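S.K.: One structure follows; several queries about it will come next.
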Amino acid sequence: MTSIPLGHILLLAALLFGIGLAGVVTRRNVLVMLMSVEVMMNAVNLTLVGFSRYNGWTEGHVLAFFIIAVAAAEAAVGLAMVLAVFRLKQTTYVDELRLLKR
Amino acid sequence: MTGEQIMFYLLGGGAVVASAAMLLPPMGRNPIHSAISLIVSFFFLAGLYALLSAHMLSVLQIIVYAGAVMVLFTFVIMLLNLGPDELQDTRITPSRIAAGILALFVFGKLATAIQLTTAGAQAVDLNDPGFAQFGTVPEVGRMMYTTFLVPFELVSVLLLVAAVGAVVLAKRSLKYVDRPEPPPAGFEHAAPESTEDAHAHGGGH
């Protein structure tokens, strides 16, 4: 038994997801947008861990582990793209990246 | 209120405050401050995972997220030498208001669904002998290498591809990146042999 209500765990995860979503859609700095995506992934992980705790299933932990691995891969590729774009345009603001050509 | 609940609300509140501080003006204006508050938020989340008996994930959260991913982020921010954002980045514009309303709407919908579906949920008793290993490294690792062996191997291939892709993307000698302007017409025909050799062998600088 745990004394933490499942609803509160999920509400916390939903709140974190909302914060991450707000960050992705309001901020224009691509690095901060990537960081907001990480917050959203962590919110999903928290949901999985909460459900695992309530059901006693370890599968949720394994799925959360896979999400962490995919997030690491996404961060590596995303930051490499940011570096390549910065070299081309000297900016990290998505508003100024309107053209596919140089 | 039990100690478990107090810890949950403290850690959860800390995670929310740290995540919000990442975006809001006092800290959110400077990308490096955003990254640091995000690291703090990840530590709070690791505490939450430990509280929910996900011991292995709690450690992985610190090693992979706070240790690897965020080091990469701070490294890139410092490499690009990004200063504080201009004031224009914290202006309130109609599109931002709409975006905020969208985020609030998504949260509201999720909260409603959670309210409707989780009433009276009962957790399993982890003191039960069947759950003695719940969330520990042996238990999660055993499942990872038996039931989830194929996805696990696929993820390792994914990470390899991502690492190679990141190196290729960030390499300095991408064809069109370093060249200040396209070569004049007829460049290929006029070029002396030595230049063609250098292109053929080096493929760049």
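By order of appearance in the structure tokens: chains A, B, ..., then residues from 1 within every chain, and ligands from 1 in the order shown.
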May I ask you to extract the residues of chain A within 7 Å of chain B, using only C-alpha atoms, and to give them as number ranges by chain?
M.R.: A: 1-4, 6-7, 10-12, 14-16, 18-19, 21-23, 25-26, 32, 49-50, 53-56, 58, 61-62, 65, 72-73, 75-77, 80-81, 83-84, 88
S.K.: Pick from A:Val85, A:Leu48, A:Met40, A:Ala13: nearest to Ala71 (chain A), with only C-alpha atoms counted?
M.R.: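 Comparing A:Val85, A:Leu48, A:Met40, A:Ala13 against Ala71 (chain A), the winner is A:Met40.
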S.K.: Apply DSSP to the structure's backbone, then extract all residues of chain B labelled helix (DSSP H, G or I) and return them as an MDAnalysis selection string.
M.R.: chainID B and resid 3:23 25:28 31:51 55:80 87:90 94:117 129:131 137:145 149:170 187:190 193:202
S.K.: What is the CA of Ala43 (chain A)-CA of Ile63 (chain B) distance in Å, reported with one decimal?
M.R.: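 Straight-line distance from CA of Ala43 (chain A) to CA of Ile63 (chain B) works out to 17.8 Å.
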S.K.: Just give me the gap between CA of Gly20 (chain A) and CA of Val37 (chain A) in Å, one decimal is fine.
M.R.: 6.1 Å
S.K.: Rounded to one decimal, what separation in Å do you get between CA of Met35 (chain A) and CA of Ala69 (chain A)?
M.R.: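 Atom-to-atom, CA of Met35 (chain A) to CA of Ala69 (chain A), that is 15.5 Å.
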S.K.: Can you work out which one of A:Val94, A:Val24, A:Ile9, A:Leu79 has the shortest atom-to-atom distance to Phe51 (chain A), counting only C-alpha atoms?
M.R.: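 For Phe51 (chain A), the nearest of the candidates is A:Ile9.
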